[in-house]
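Engineer: Contents of data-v8.cif (mmCIF, C-alpha atoms) are given next:
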```
data_my_file
#
loop_
_atom_site.label_atom_id
_atom_site.label_comp_id
_atom_site.auth_asym_id
_atom_site.auth_seq_id
_atom_site.Cartn_x
_atom_site.Cartn_y
_atom_site.Cartn_z
CA MET U 226 -24.36 1.61 28.82
CA ALA U 227 -21.09 -0.31 28.81
CA LYS U 228 -19.17 -0.26 25.55
CA VAL U 229 -16.94 -2.67 23.69
CA ARG U 230 -13.75 -0.90 22.62
CA ALA U 231 -10.43 -1.61 20.93
CA HIS U 232 -7.49 0.72 21.42
CA ASN U 233 -4.06 1.50 20.06
CA ILE U 234 -4.35 -0.76 17.05
CA SER U 235 -1.34 0.44 15.06
CA THR U 236 -1.19 0.15 11.28
CA SER U 237 1.21 1.22 8.58
CA LEU U 238 0.22 3.87 6.04
CA ASP U 239 -0.32 1.01 3.60
CA GLY U 240 -2.79 -0.59 5.98
CA TYR U 241 -0.98 -3.43 7.73
CA ALA U 242 -1.42 -4.08 11.45
CA ALA U 243 1.37 -6.66 11.40
CA GLY U 244 4.18 -7.40 9.00
CA PRO U 245 4.52 -10.58 6.91
CA ALA U 246 5.94 -13.91 8.17
CA GLN U 247 4.87 -13.72 11.83
CA ASP U 248 6.70 -16.24 14.00
CA LEU U 249 8.28 -16.52 17.44
CA GLU U 250 11.21 -14.33 16.46
CA ASN U 251 9.00 -11.77 14.73
CA PRO U 252 5.72 -11.92 16.68
CA MET U 253 4.52 -8.79 14.83
CA GLY U 254 5.88 -9.99 11.49
CA ILE U 255 8.86 -8.58 9.63
CA GLY U 256 9.02 -4.84 10.23
CA GLY U 257 5.93 -4.97 12.45
CA HIS U 258 7.75 -3.44 15.43
CA ARG U 259 8.01 -0.19 13.43
CA LEU U 260 4.24 0.25 13.80
CA HIS U 261 4.60 0.56 17.56
CA GLU U 262 7.62 2.83 17.90
CA TRP U 263 5.36 5.73 18.93
CA VAL U 264 4.43 3.76 22.09
CA TRP U 265 8.01 3.97 23.40
CA GLY U 266 7.86 7.74 23.29
CA THR U 267 5.07 7.81 25.88
CA GLU U 268 5.22 7.72 29.68
CA PHE U 269 2.52 5.06 29.66
CA GLY U 270 4.33 2.86 27.17
CA LEU U 271 7.63 2.98 29.02
CA ALA U 272 5.91 2.34 32.36
CA MET U 273 4.45 -0.87 30.82
CA ILE U 274 7.98 -2.22 30.48
CA GLY U 275 9.12 -0.88 33.85
CA GLN U 276 10.96 2.15 32.52
CA GLN U 277 10.73 5.81 33.38
CA GLY U 278 10.66 8.74 30.98
CA GLY U 279 8.59 9.32 27.87
CA SER U 280 6.16 12.13 27.19
CA ALA U 281 2.71 13.08 28.31
CA GLY U 282 0.50 14.47 25.55
CA ILE U 283 -1.74 13.13 22.81
CA ASP U 284 -0.11 9.72 22.30
CA ASN U 285 0.08 9.12 26.05
CA ASP U 286 -3.58 10.08 26.51
CA PHE U 287 -4.61 7.55 23.86
CA MET U 288 -2.52 4.83 25.54
CA ARG U 289 -4.22 5.59 28.86
CA ALA U 290 -7.70 5.56 27.28
CA GLY U 291 -7.08 1.90 26.48
CA VAL U 292 -7.17 0.98 30.17
CA ASP U 293 -9.36 3.66 31.77
CA GLY U 294 -12.84 2.33 32.50
CA ILE U 295 -12.07 -1.16 31.20
CA GLY U 296 -13.39 -4.05 33.32
CA ALA U 297 -12.60 -7.09 31.16
CA THR U 298 -10.65 -8.01 28.03
CA VAL U 299 -11.29 -10.35 25.09
CA MET U 300 -8.34 -11.49 22.97
CA GLY U 301 -7.51 -13.92 20.22
CA ARG U 302 -5.40 -16.90 21.13
CA ASN U 303 -2.28 -15.60 19.38
CA MET U 304 -2.26 -12.61 21.69
CA PHE U 305 -2.09 -15.01 24.63
CA GLY U 306 0.74 -17.09 23.27
CA PRO U 307 2.43 -18.81 20.34
CA ILE U 308 0.92 -22.29 20.90
CA ARG U 309 -1.37 -23.60 18.15
CA GLY U 310 -3.70 -26.60 18.33
CA GLU U 311 -4.31 -28.54 21.55
CA TRP U 312 -2.74 -27.22 24.74
CA PRO U 313 0.14 -29.69 25.35
CA ASP U 314 0.01 -28.89 29.11
CA GLU U 315 -0.72 -25.91 31.32
CA SER U 316 2.83 -24.56 31.48
CA TRP U 317 2.27 -21.61 29.09
CA ILE U 318 0.71 -18.85 31.19
CA GLY U 319 0.77 -16.02 28.64
CA TRP U 320 3.38 -13.62 27.28
CA TRP U 321 3.18 -11.61 30.55
CA GLU U 322 4.12 -14.48 32.93
CA GLU U 323 3.17 -14.26 36.64
CA GLU U 324 1.88 -10.68 36.77
CA PRO U 325 -0.16 -9.74 33.71
CA PRO U 326 -0.98 -6.03 33.37
CA PHE U 327 -4.75 -6.52 33.02
CA HIS U 328 -5.96 -6.80 36.63
CA HIS U 329 -9.32 -8.10 35.50
CA ASP U 330 -10.85 -11.12 33.73
CA VAL U 331 -9.43 -11.89 30.30
CA PHE U 332 -11.34 -14.09 27.83
CA VAL U 333 -9.10 -15.92 25.37
CA LEU U 334 -10.70 -17.23 22.15
CA THR U 335 -9.65 -20.81 21.41
CA HIS U 336 -10.98 -24.00 19.87
CA HIS U 337 -9.32 -26.05 22.62
CA PRO U 338 -10.72 -26.19 26.16
CA ARG U 339 -8.52 -25.35 29.09
CA ALA U 340 -9.19 -24.68 32.78
CA ASP U 341 -9.27 -21.10 34.05
CA LEU U 342 -5.83 -19.73 34.83
CA GLU U 343 -5.70 -17.50 37.89
CA LEU U 344 -2.62 -15.31 38.21
CA THR U 345 -1.89 -12.26 40.36
CA GLY U 346 -4.86 -9.94 39.77
CA THR U 347 -5.83 -11.46 36.42
CA THR U 348 -7.82 -14.58 35.56
CA PHE U 349 -7.66 -16.00 32.03
CA HIS U 350 -10.78 -17.82 30.81
CA PHE U 351 -10.51 -19.97 27.67
CA VAL U 352 -13.67 -19.58 25.59
CA THR U 353 -14.55 -22.26 23.05
CA ASP U 354 -18.07 -21.04 22.19
CA GLY U 355 -17.02 -18.23 19.87
CA LEU U 356 -16.58 -14.49 19.81
CA ALA U 357 -20.12 -13.41 20.69
CA ASP U 358 -20.09 -15.66 23.76
CA ALA U 359 -16.71 -14.31 24.84
CA VAL U 360 -17.92 -10.71 24.54
CA GLU U 361 -21.09 -11.54 26.46
CA ARG U 362 -19.16 -13.19 29.30
CA ALA U 363 -16.72 -10.27 29.35
CA LYS U 364 -19.59 -7.79 29.67
CA VAL U 365 -20.86 -9.66 32.72
CA ALA U 366 -17.38 -9.87 34.23
CA ALA U 367 -16.79 -6.14 33.62
CA GLY U 368 -19.60 -5.33 36.05
CA GLY U 369 -20.77 -2.18 34.26
CA GLN U 370 -17.37 -1.08 33.02
CA ASP U 371 -16.38 -1.34 29.36
CA VAL U 372 -14.92 -4.38 27.60
CA ARG U 373 -11.69 -4.09 25.67
CA ILE U 374 -10.99 -6.16 22.57
CA GLY U 375 -7.27 -6.66 22.92
CA GLY U 376 -6.64 -7.97 19.40
CA GLY U 377 -5.09 -9.31 17.29
CA THR U 378 -6.04 -8.11 13.87
CA ALA U 379 -8.25 -11.08 12.94
CA THR U 380 -10.20 -10.73 16.19
CA ILE U 381 -10.75 -7.00 15.59
CA ARG U 382 -11.97 -7.68 12.06
CA ALA U 383 -14.30 -10.42 13.30
CA CYS U 384 -15.72 -8.06 15.94
CA LEU U 385 -16.37 -5.39 13.30
CA ALA U 386 -17.98 -7.89 10.93
CA ALA U 387 -20.28 -9.10 13.71
CA GLY U 388 -21.07 -5.55 14.82
CA LEU U 389 -19.82 -6.41 18.30
CA ILE U 390 -17.50 -3.43 18.67
CA ASP U 391 -18.64 0.08 19.58
CA GLU U 392 -15.39 1.97 19.22
CA LEU U 393 -12.11 1.25 17.46
CA HIS U 394 -9.04 3.41 17.90
CA ILE U 395 -6.55 3.05 15.04
CA VAL U 396 -3.08 4.58 14.98
CA VAL U 397 -1.53 5.16 11.56
CA SER U 398 2.27 5.16 11.72
CA PRO U 399 4.09 6.83 8.80
CA VAL U 400 5.76 3.63 7.62
CA LEU U 401 5.28 1.36 4.60
CA LEU U 402 5.41 -2.43 5.09
CA GLY U 403 4.42 -3.60 1.61
CA ALA U 404 2.88 -6.82 2.96
CA GLY U 405 1.41 -8.25 6.13
CA GLU U 406 -1.89 -8.58 7.93
CA ARG U 407 -4.39 -5.98 6.79
CA LEU U 408 -6.71 -4.34 9.30
CA LEU U 409 -9.27 -2.50 7.14
CA GLY U 410 -10.56 -2.57 3.58
CA GLY U 411 -13.48 -4.97 3.49
CA PRO U 412 -17.22 -4.90 4.14
CA GLU U 413 -16.64 -5.47 7.87
CA THR U 414 -16.57 -1.70 8.38
CA ASP U 415 -20.06 -1.26 6.89
CA GLY U 416 -21.98 0.51 9.63
CA TYR U 417 -18.89 2.24 10.99
CA ALA U 418 -17.45 5.69 10.32
CA VAL U 419 -14.46 7.79 11.36
CA ILE U 420 -15.75 9.96 14.20
CA GLU U 421 -12.52 11.73 15.15
CA THR U 422 -9.04 12.33 13.71
CA VAL U 423 -6.29 13.45 16.10
CA PRO U 424 -2.78 14.01 14.73
CA SER U 425 0.20 13.91 17.07
CA ASP U 426 3.84 14.68 16.34
CA THR U 427 4.51 11.03 15.52
CA VAL U 428 1.31 9.35 14.26
CA THR U 429 -2.33 10.00 13.39
CA HIS U 430 -5.04 8.68 15.69
CA TYR U 431 -8.45 7.78 14.26
CA ARG U 432 -11.53 6.88 16.28
CA LEU U 433 -14.12 4.74 14.49
CA GLY U 434 -17.64 4.43 15.84
CA ARG U 435 -21.02 3.28 14.65
CA ALA U 436 -22.14 5.33 11.61
CA MET W 118 17.58 18.01 -11.45
CA ALA W 119 13.97 17.83 -12.63
CA LYS W 120 11.71 15.52 -10.63
CA VAL W 121 8.78 13.26 -11.41
CA ARG W 122 5.98 13.94 -8.94
CA ALA W 123 2.40 12.92 -8.22
CA HIS W 124 0.15 15.14 -6.13
CA ASN W 125 -3.15 15.17 -4.32
CA ILE W 126 -3.76 11.45 -4.67
CA SER W 127 -6.64 11.03 -2.24
CA THR W 128 -7.33 7.75 -0.49
CA SER W 129 -9.76 6.53 2.12
CA LEU W 130 -8.52 5.47 5.56
CA ASP W 131 -8.97 1.90 4.35
CA GLY W 132 -6.64 2.56 1.44
CA TYR W 133 -8.81 3.04 -1.64
CA ALA W 134 -8.06 5.77 -4.18
CA ALA W 135 -11.35 5.09 -5.98
CA GLY W 136 -14.54 3.35 -4.99
CA PRO W 137 -15.84 0.10 -6.53
CA ALA W 138 -17.82 -0.14 -9.79
CA GLN W 139 -16.28 2.78 -11.70
CA ASP W 140 -18.35 3.80 -14.71
CA LEU W 141 -19.50 6.94 -16.54
CA GLU W 142 -21.97 7.85 -13.81
CA ASN W 143 -19.45 7.12 -11.04
CA PRO W 144 -16.07 7.95 -12.61
CA MET W 145 -14.45 7.66 -9.16
CA GLY W 146 -16.45 4.56 -8.24
CA ILE W 147 -19.24 4.36 -5.69
CA GLY W 148 -18.46 6.73 -2.84
CA GLY W 149 -15.22 7.84 -4.51
CA HIS W 150 -16.26 11.51 -4.55
CA ARG W 151 -16.02 11.47 -0.73
CA LEU W 152 -12.24 11.15 -1.04
CA HIS W 153 -12.05 14.57 -2.70
CA GLU W 154 -14.39 16.65 -0.56
CA TRP W 155 -11.42 18.40 1.06
CA VAL W 156 -10.57 19.90 -2.38
CA TRP W 157 -13.82 21.90 -2.42
CA GLY W 158 -12.83 23.62 0.79
CA THR W 159 -9.80 25.20 -0.86
CA GLU W 160 -9.48 28.40 -2.91
CA PHE W 161 -7.48 26.47 -5.48
CA GLY W 162 -10.05 23.70 -5.81
CA LEU W 163 -12.97 26.07 -6.24
CA ALA W 164 -11.03 28.18 -8.77
CA MET W 165 -10.54 24.99 -10.84
CA ILE W 166 -14.30 24.85 -11.35
CA GLY W 167 -14.67 28.60 -11.81
CA GLN W 168 -15.93 29.38 -8.34
CA GLN W 169 -14.77 31.83 -5.74
CA GLY W 170 -14.35 31.23 -2.01
CA GLY W 171 -12.60 28.44 -0.17
CA SER W 172 -9.70 28.69 2.23
CA ALA W 173 -6.02 29.30 2.00
CA GLY W 174 -3.92 27.15 4.34
CA ILE W 175 -2.41 23.68 4.35
CA ASP W 176 -4.82 21.95 1.95
CA ASN W 177 -4.66 24.87 -0.50
CA ASP W 178 -0.85 24.90 -0.39
CA PHE W 179 -0.76 21.20 -1.29
CA MET W 180 -3.18 21.75 -4.18
CA ARG W 181 -0.96 24.53 -5.50
CA ALA W 182 2.19 22.41 -5.15
CA GLY W 183 0.66 20.09 -7.73
CA VAL W 184 1.00 22.74 -10.46
CA ASP W 185 3.94 24.89 -9.32
CA GLY W 186 7.08 24.07 -11.29
CA ILE W 187 5.37 21.44 -13.43
CA GLY W 188 6.25 21.53 -17.14
CA ALA W 189 4.53 18.40 -18.47
CA THR W 190 2.04 15.74 -17.36
CA VAL W 191 1.76 11.97 -17.86
CA MET W 192 -1.62 10.30 -17.34
CA GLY W 193 -3.31 6.97 -17.84
CA ARG W 194 -5.91 6.76 -20.54
CA ASN W 195 -8.86 6.62 -18.13
CA MET W 196 -7.91 10.05 -16.83
CA PHE W 197 -8.24 11.38 -20.37
CA GLY W 198 -11.62 9.85 -21.04
CA PRO W 199 -14.00 6.92 -20.74
CA ILE W 200 -13.28 5.37 -24.15
CA ARG W 201 -11.71 1.87 -24.12
CA GLY W 202 -10.11 0.02 -27.04
CA GLU W 203 -9.55 1.67 -30.44
CA TRP W 204 -10.38 5.37 -30.80
CA PRO W 205 -13.64 5.32 -32.82
CA ASP W 206 -12.87 8.84 -34.13
CA GLU W 207 -11.22 12.02 -32.87
CA SER W 208 -14.32 13.60 -31.36
CA TRP W 209 -13.42 12.91 -27.71
CA ILE W 210 -11.00 15.67 -26.66
CA GLY W 211 -10.74 14.91 -22.94
CA TRP W 212 -12.89 15.53 -19.87
CA TRP W 213 -11.83 19.22 -19.92
CA GLU W 214 -13.09 20.05 -23.44
CA GLU W 215 -11.68 23.08 -25.32
CA GLU W 216 -9.60 24.64 -22.54
CA PRO W 217 -7.80 22.07 -20.42
CA PRO W 218 -6.19 23.39 -17.23
CA PHE W 219 -2.71 22.00 -17.94
CA HIS W 220 -1.14 24.65 -20.22
CA HIS W 221 1.67 22.30 -21.16
CA ASP W 222 2.23 19.00 -22.99
CA VAL W 223 0.27 16.04 -21.66
CA PHE W 224 1.31 12.46 -22.47
CA VAL W 225 -1.59 9.98 -22.42
CA LEU W 226 -0.74 6.28 -22.05
CA THR W 227 -2.67 4.14 -24.53
CA HIS W 228 -2.30 0.98 -26.60
CA HIS W 229 -4.01 2.67 -29.56
CA PRO W 230 -2.25 5.27 -31.72
CA ARG W 231 -3.83 8.66 -32.26
CA ALA W 232 -2.56 11.95 -33.71
CA ASP W 233 -1.51 14.75 -31.37
CA LEU W 234 -4.43 16.85 -30.16
CA GLU W 235 -3.67 20.55 -29.87
CA LEU W 236 -6.11 22.56 -27.78
CA THR W 237 -5.85 26.03 -26.25
CA GLY W 238 -2.54 26.00 -24.36
CA THR W 239 -2.37 22.22 -24.03
CA THR W 240 -1.26 19.53 -26.47
CA PHE W 241 -2.16 15.89 -25.79
CA HIS W 242 0.28 13.27 -27.10
CA PHE W 243 -0.85 9.64 -27.22
CA VAL W 244 2.02 7.36 -26.22
CA THR W 245 1.95 3.72 -27.26
CA ASP W 246 5.51 2.79 -26.25
CA GLY W 247 4.84 2.46 -22.52
CA LEU W 248 5.27 4.32 -19.28
CA ALA W 249 9.04 4.79 -19.30
CA ASP W 250 8.88 6.28 -22.79
CA ALA W 251 6.05 8.62 -21.79
CA VAL W 252 8.01 9.84 -18.75
CA GLU W 253 11.13 10.34 -20.87
CA ARG W 254 9.24 12.36 -23.48
CA ALA W 255 7.55 14.39 -20.75
CA LYS W 256 10.93 15.23 -19.20
CA VAL W 257 12.12 16.61 -22.53
CA ALA W 258 8.88 18.54 -23.04
CA ALA W 259 9.08 19.98 -19.50
CA GLY W 260 12.28 21.79 -20.45
CA GLY W 261 13.92 21.58 -17.04
CA GLN W 262 10.74 21.84 -15.01
CA ASP W 263 9.26 18.84 -13.18
CA VAL W 264 6.94 16.20 -14.63
CA ARG W 265 3.65 15.42 -12.96
CA ILE W 266 2.12 11.96 -12.98
CA GLY W 267 -1.56 12.84 -13.10
CA GLY W 268 -2.89 9.37 -12.31
CA GLY W 269 -4.96 7.29 -12.13
CA THR W 270 -4.21 4.79 -9.45
CA ALA W 271 -2.86 2.06 -11.74
CA THR W 272 -0.50 4.52 -13.39
CA ILE W 273 0.81 5.72 -10.00
CA ARG W 274 1.39 2.14 -8.90
CA ALA W 275 3.17 1.32 -12.16
CA CYS W 276 5.41 4.38 -11.74
CA LEU W 277 6.31 3.32 -8.19
CA ALA W 278 6.99 -0.26 -9.26
CA ALA W 279 9.29 0.96 -12.04
CA GLY W 280 11.00 3.46 -9.73
CA LEU W 281 10.04 6.26 -12.12
CA ILE W 282 8.53 8.54 -9.49
CA ASP W 283 10.55 10.77 -7.15
CA GLU W 284 7.78 12.13 -4.95
CA LEU W 285 4.24 11.02 -4.20
CA HIS W 286 1.82 13.15 -2.22
CA ILE W 287 -1.02 11.12 -0.71
CA VAL W 288 -4.03 12.59 1.06
CA VAL W 289 -5.84 10.35 3.54
CA SER W 290 -9.49 11.34 3.95
CA PRO W 291 -11.25 10.11 7.09
CA VAL W 292 -13.73 7.94 5.22
CA LEU W 293 -14.18 4.17 4.84
CA LEU W 294 -15.09 2.77 1.40
CA GLY W 295 -14.85 -0.97 2.12
CA ALA W 296 -13.91 -1.76 -1.49
CA GLY W 297 -12.41 -0.11 -4.55
CA GLU W 298 -9.08 0.49 -6.18
CA ARG W 299 -6.22 0.23 -3.72
CA LEU W 300 -3.28 2.63 -3.95
CA LEU W 301 -0.67 1.14 -1.60
CA GLY W 302 0.12 -2.18 0.03
CA GLY W 303 2.38 -4.09 -2.32
CA PRO W 304 6.09 -4.35 -3.08
CA GLU W 305 5.86 -1.36 -5.45
CA THR W 306 6.72 0.92 -2.52
CA ASP W 307 10.00 -0.90 -1.82
CA GLY W 308 12.61 1.83 -2.02
CA TYR W 309 10.18 4.53 -0.87
CA ALA W 310 9.48 5.98 2.58
CA VAL W 311 7.22 8.55 4.19
CA ILE W 312 9.32 11.70 4.38
CA GLU W 313 6.71 14.11 5.78
CA THR W 314 3.31 13.98 7.49
CA VAL W 315 1.21 17.15 7.54
CA PRO W 316 -2.22 17.06 9.19
CA SER W 317 -4.82 19.65 8.27
CA ASP W 318 -8.26 20.24 9.75
CA THR W 319 -9.84 17.92 7.19
CA VAL W 320 -7.29 15.32 6.02
CA THR W 321 -3.73 14.08 6.56
CA HIS W 322 -1.12 14.77 3.89
CA TYR W 323 1.78 12.34 3.44
CA ARG W 324 4.79 12.92 1.22
CA LEU W 325 6.58 9.78 0.03
CA GLY W 326 10.08 9.96 -1.40
CA ARG W 327 12.95 7.64 -2.19
CA ALA W 328 14.08 5.82 0.99
#
```
Take the structure from the file and write it as structure tokens.

Structural biologist:
Amino acid sequence: MAKVRAHNISTSLDGYAAGPAQDLENPMGIGGHRLHEWVWGTEFGLAMIGQQGGSAGIDNDFMRAGVDGIGATVMGRNMFGPIRGEWPDESWIGWWEEEPPFHHDVFVLTHHPRADLELTGTTFHFVTDGLADAVERAKVAAGGQDVRIGGGTATIRACLAAGLIDELHIVVSPVLLGAGERLLGGPETDGYAVIETVPSDTVTHYRLGRA
Amino acid sequence: MAKVRAHNISTSLDGYAAGPAQDLENPMGIGGHRLHEWVWGTEFGLAMIGQQGGSAGIDNDFMRAGVDGIGATVMGRNMFGPIRGEWPDESWIGWWEEEPPFHHDVFVLTHHPRADLELTGTTFHFVTDGLADAVERAKVAAGGQDVRIGGGTATIRACLAAGLIDELHIVVSPVLLGAGERLLGGPETDGYAVIETVPSDTVTHYRLGRA
């Protein structure tokens, strides 16, 4: 049975998945980049930005698990780009430009209709009928493989609250942000439990599943 | 130089140091006991309740570090007992009854004056002049040893906010509470950083110190 999974959702020790005051200059909020420093120690993470080096090992394995067996992705609109409100035109094609790393169908949650956007190996679909519809369409598009919830934080929380997610991989970085966008802490995790804890040299990985 | 330290402050993965709806039947709030299950796997923890067994190892070492070199303790009133408001009489002598485990002077924060309470090996002093005064008196009483901030959560947060604490040991248990009393997440940790992460088989220990 195909699963719906989220991976490599980094948070601070004080629970923030993004820092405060997110904007174009600080897309992860002030200090938010510190949550993801562990990624740049991995082979997989460096390969994402066209660099060599980095380590194999626990962190790298978790990065890889976020793509292995994934056939489609669902993401919130902010993960696709910084534009809010109506699409002014079709010139914004995503943070990744001509060659997105997905290589499958990606369903972008939005209130504003837009035609499918077909790029090299990846097609973006803009879904205006809500999260459950996006996940359902992604399951069909995944053709038996799993669906990844790409983020951001609000989309992950909404998936938990709606019980749409089967597995959530959280990475706690040993930093304190003091403010920002909180990932956990509310009733949306009712029905979920920590099923595995895996420490690495840099961070602690937690896998949440259905209780 | 003597330090002010807090130890073995357990939180859930979603950041709660106590569950919701604390009362006499659930002094740690609903589900709050799950934060402390790791303690009952240690030799030190079981010895506290007069039992044998338990393991040596990482968790046990951290439990022990909470008493080694400590010469006095400061605690919030709720850690001393369930009574709120004026002391009706002097019959409540603390959760620990005749033989408290401290064996040194303990300074209890309260708005309501009460005479010193001398029990076997431990004297409780009731401090009405605030946190900074309690810490100062505890430093004198500790005679060169360190001062422990016993808790609870509000007292720890107040100590961080006032910069009164030198070291805070947090234990993240792999449980989700969904609500309760939050330990971290605000500006009170400005000036502090995670200085060590130590995973055990059951929990993850974090040591916070001055940044």

Engineer: Report the residues retrieved by the PyMOL selection byres ((chain U) within 9 of (chain W)) from the displayed file, expressed as a PyMOL selection string.

Structural biologist: chain U and resi 238-241+399-405+407-415+417-429+431

Engineer: For atom CA of W:Glu154 and atom CA of U:Arg435, determine how far apart the two atoms are, in Å to one decimal place.

Structural biologist: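 Atom CA of W:Glu154 sits 21.3 Å away from atom CA of U:Arg435.
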
Engineer: Residue by residue, what does the PyMOL selection byres ((chain U and resi 273) around 12) grab here? Present the result as a PyMOL selection string.

Structural biologist: chain U and resi 264-272+274-279+285+288-289+292+321+324-327

Engineer: Could you dump the residues just selected with C-alpha atoms as a PDB file, in the coordinates of the input?

Structural biologist:
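And here's out34.pdb as it stands now:
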```pdb
ATOM      1  CA  VAL U 264       4.430   3.760  22.090  1.00  0.00           C
ATOM      2  CA  TRP U 265       8.010   3.970  23.400  1.00  0.00           C
ATOM      3  CA  GLY U 266       7.860   7.740  23.290  1.00  0.00           C
ATOM      4  CA  THR U 267       5.070   7.810  25.880  1.00  0.00           C
ATOM      5  CA  GLU U 268       5.220   7.720  29.680  1.00  0.00           C
ATOM      6  CA  PHE U 269       2.520   5.060  29.660  1.00  0.00           C
ATOM      7  CA  GLY U 270       4.330   2.860  27.170  1.00  0.00           C
ATOM      8  CA  LEU U 271       7.630   2.980  29.020  1.00  0.00           C
ATOM      9  CA  ALA U 272       5.910   2.340  32.360  1.00  0.00           C
ATOM     10  CA  ILE U 274       7.980  -2.220  30.480  1.00  0.00           C
ATOM     11  CA  GLY U 275       9.120  -0.880  33.850  1.00  0.00           C
ATOM     12  CA  GLN U 276      10.960   2.150  32.520  1.00  0.00           C
ATOM     13  CA  GLN U 277      10.730   5.810  33.380  1.00  0.00           C
ATOM     14  CA  GLY U 278      10.660   8.740  30.980  1.00  0.00           C
ATOM     15  CA  GLY U 279       8.590   9.320  27.870  1.00  0.00           C
ATOM     16  CA  ASN U 285       0.080   9.120  26.050  1.00  0.00           C
ATOM     17  CA  MET U 288      -2.520   4.830  25.540  1.00  0.00           C
ATOM     18  CA  ARG U 289      -4.220   5.590  28.860  1.00  0.00           C
ATOM     19  CA  VAL U 292      -7.170   0.980  30.170  1.00  0.00           C
ATOM     20  CA  TRP U 321       3.180 -11.610  30.550  1.00  0.00           C
ATOM     21  CA  GLU U 324       1.880 -10.680  36.770  1.00  0.00           C
ATOM     22  CA  PRO U 325      -0.160  -9.740  33.710  1.00  0.00           C
ATOM     23  CA  PRO U 326      -0.980  -6.030  33.370  1.00  0.00           C
ATOM     24  CA  PHE U 327      -4.750  -6.520  33.020  1.00  0.00           C
TER      25      PHE U 327
END
```

Engineer: Check which residues of stretch 284-354 of chain U sit at most 10 Å from stretch 358-376 of chain U using all atoms listed in the file, and return one row each with the closest pair of atoms and their distance in Å to one decimal, ordered by chain and rising number, as a tab-separated table.

Structural biologist:
```
residue	atom	partner	partner_atom	distance
U:Gly291	CA	U:Arg373	CA	7.6
U:Val292	CA	U:Arg373	CA	8.1
U:Asp293	CA	U:Asp371	CA	8.9
U:Gly294	CA	U:Gln370	CA	5.7
U:Ile295	CA	U:Asp371	CA	4.7
U:Gly296	CA	U:Ala367	CA	4.0
U:Ala297	CA	U:Ala367	CA	5.0
U:Thr298	CA	U:Arg373	CA	4.7
U:Val299	CA	U:Ile374	CA	4.9
U:Met300	CA	U:Gly375	CA	4.9
U:Gly301	CA	U:Gly376	CA	6.1
U:Arg302	CA	U:Gly376	CA	9.2
U:Asn303	CA	U:Gly376	CA	8.8
U:Met304	CA	U:Gly376	CA	6.8
U:Phe305	CA	U:Gly376	CA	9.9
U:His329	CA	U:Ala367	CA	7.9
U:Asp330	CA	U:Ala366	CA	6.7
U:Val331	CA	U:Ala363	CA	7.5
U:Phe332	CA	U:Ala359	CA	6.2
U:Val333	CA	U:Ala359	CA	7.8
U:Leu334	CA	U:Ala359	CA	7.2
U:His350	CA	U:Ala359	CA	9.1
U:Phe351	CA	U:Ala359	CA	8.9
U:Val352	CA	U:Ala359	CA	6.1
U:Thr353	CA	U:Ala359	CA	8.4
U:Asp354	CA	U:Asp358	CA	6.0
```

Engineer: Kindly indicate which residue among W:Ala134, W:Glu298, W:Thr272, W:Pro199 lies nearest to W:Gly247, using only C-alpha atoms for the distances.

Structural biologist: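 Once distances to W:Gly247 are computed over only C-alpha atoms, the minimum belongs to W:Thr272.
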
Engineer: Between atom CA of W:Pro230 and atom CA of W:Ile282, what is the spacing in Å?

Structural biologist: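 Distance between the two atoms: 24.9 Å.
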
Engineer: Between atom CA of U:Ala357 and atom CA of U:Ser235, what is the distance, to one decimal in Å?

Structural biologist: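 One can read the atom CA of U:Ala357 to atom CA of U:Ser235 distance as 24.0 Å.
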
Engineer: Can you tell me, as lines of an AutoDock Vina configuration file, the centre and edge lengths (Å, one decimal) of the axis-aligned box enclosing all of stretch 285-302 of chain U's listed atoms after padding each side by 6 Å?

Structural biologist:
```
center_x = -6.7
center_y = -3.4
center_z = 26.8
size_x = 25.5
size_y = 39.0
size_z = 25.1
```

Engineer: Between W:Asp176, W:Asp140, W:Glu215, W:Asp233, single out the one closest to W:Ile200, counting all atoms listed in the file.

Structural biologist: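 Closest candidate: W:Asp140.
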
Engineer: Can you list what the PyMOL selection byres ((chain W and resi 281) around 9) grabs from this structure, as a list in words?

Structural biologist: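 That expression, the PyMOL selection byres ((chain W and resi 281) around 9), corresponds here to Val121, Leu248, Ala249, Val252, Ala275, Cys276, Leu277, Ala278, Ala279, Gly280, Ile282 and Asp283 of chain W.
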
Engineer: Excluding U:Gly306 and its own-chain neighbours fewer than 6 positions away, which residues fall within 9 Å of it when counting all atoms listed in the file? Please give them as a count of residues only.

Structural biologist: 4

Engineer: Please return stretch 134-138 of chain W, rebuilt to N, CA and C atoms, as a PDB file, in the frame of the given file.

Structural biologist:
```
ATOM      1  N   ALA W 134      -8.168   4.508  -3.459  1.00  0.00           N
ATOM      2  CA  ALA W 134      -8.060   5.770  -4.180  1.00  0.00           C
ATOM      3  C   ALA W 134      -9.235   5.982  -5.121  1.00  0.00           C
ATOM      4  N   ALA W 135     -10.081   4.981  -5.240  1.00  0.00           N
ATOM      5  CA  ALA W 135     -11.350   5.090  -5.980  1.00  0.00           C
ATOM      6  C   ALA W 135     -12.283   4.051  -5.392  1.00  0.00           C
ATOM      7  N   GLY W 136     -13.564   4.304  -5.486  1.00  0.00           N
ATOM      8  CA  GLY W 136     -14.540   3.350  -4.990  1.00  0.00           C
ATOM      9  C   GLY W 136     -14.734   2.202  -5.968  1.00  0.00           C
ATOM     10  N   PRO W 137     -15.570   1.220  -5.617  1.00  0.00           N
ATOM     11  CA  PRO W 137     -15.840   0.100  -6.530  1.00  0.00           C
ATOM     12  C   PRO W 137     -16.786   0.525  -7.657  1.00  0.00           C
ATOM     13  N   ALA W 138     -16.852  -0.305  -8.698  1.00  0.00           N
ATOM     14  CA  ALA W 138     -17.820  -0.140  -9.790  1.00  0.00           C
ATOM     15  C   ALA W 138     -17.703   1.206 -10.505  1.00  0.00           C
TER      16      ALA W 138
END
```
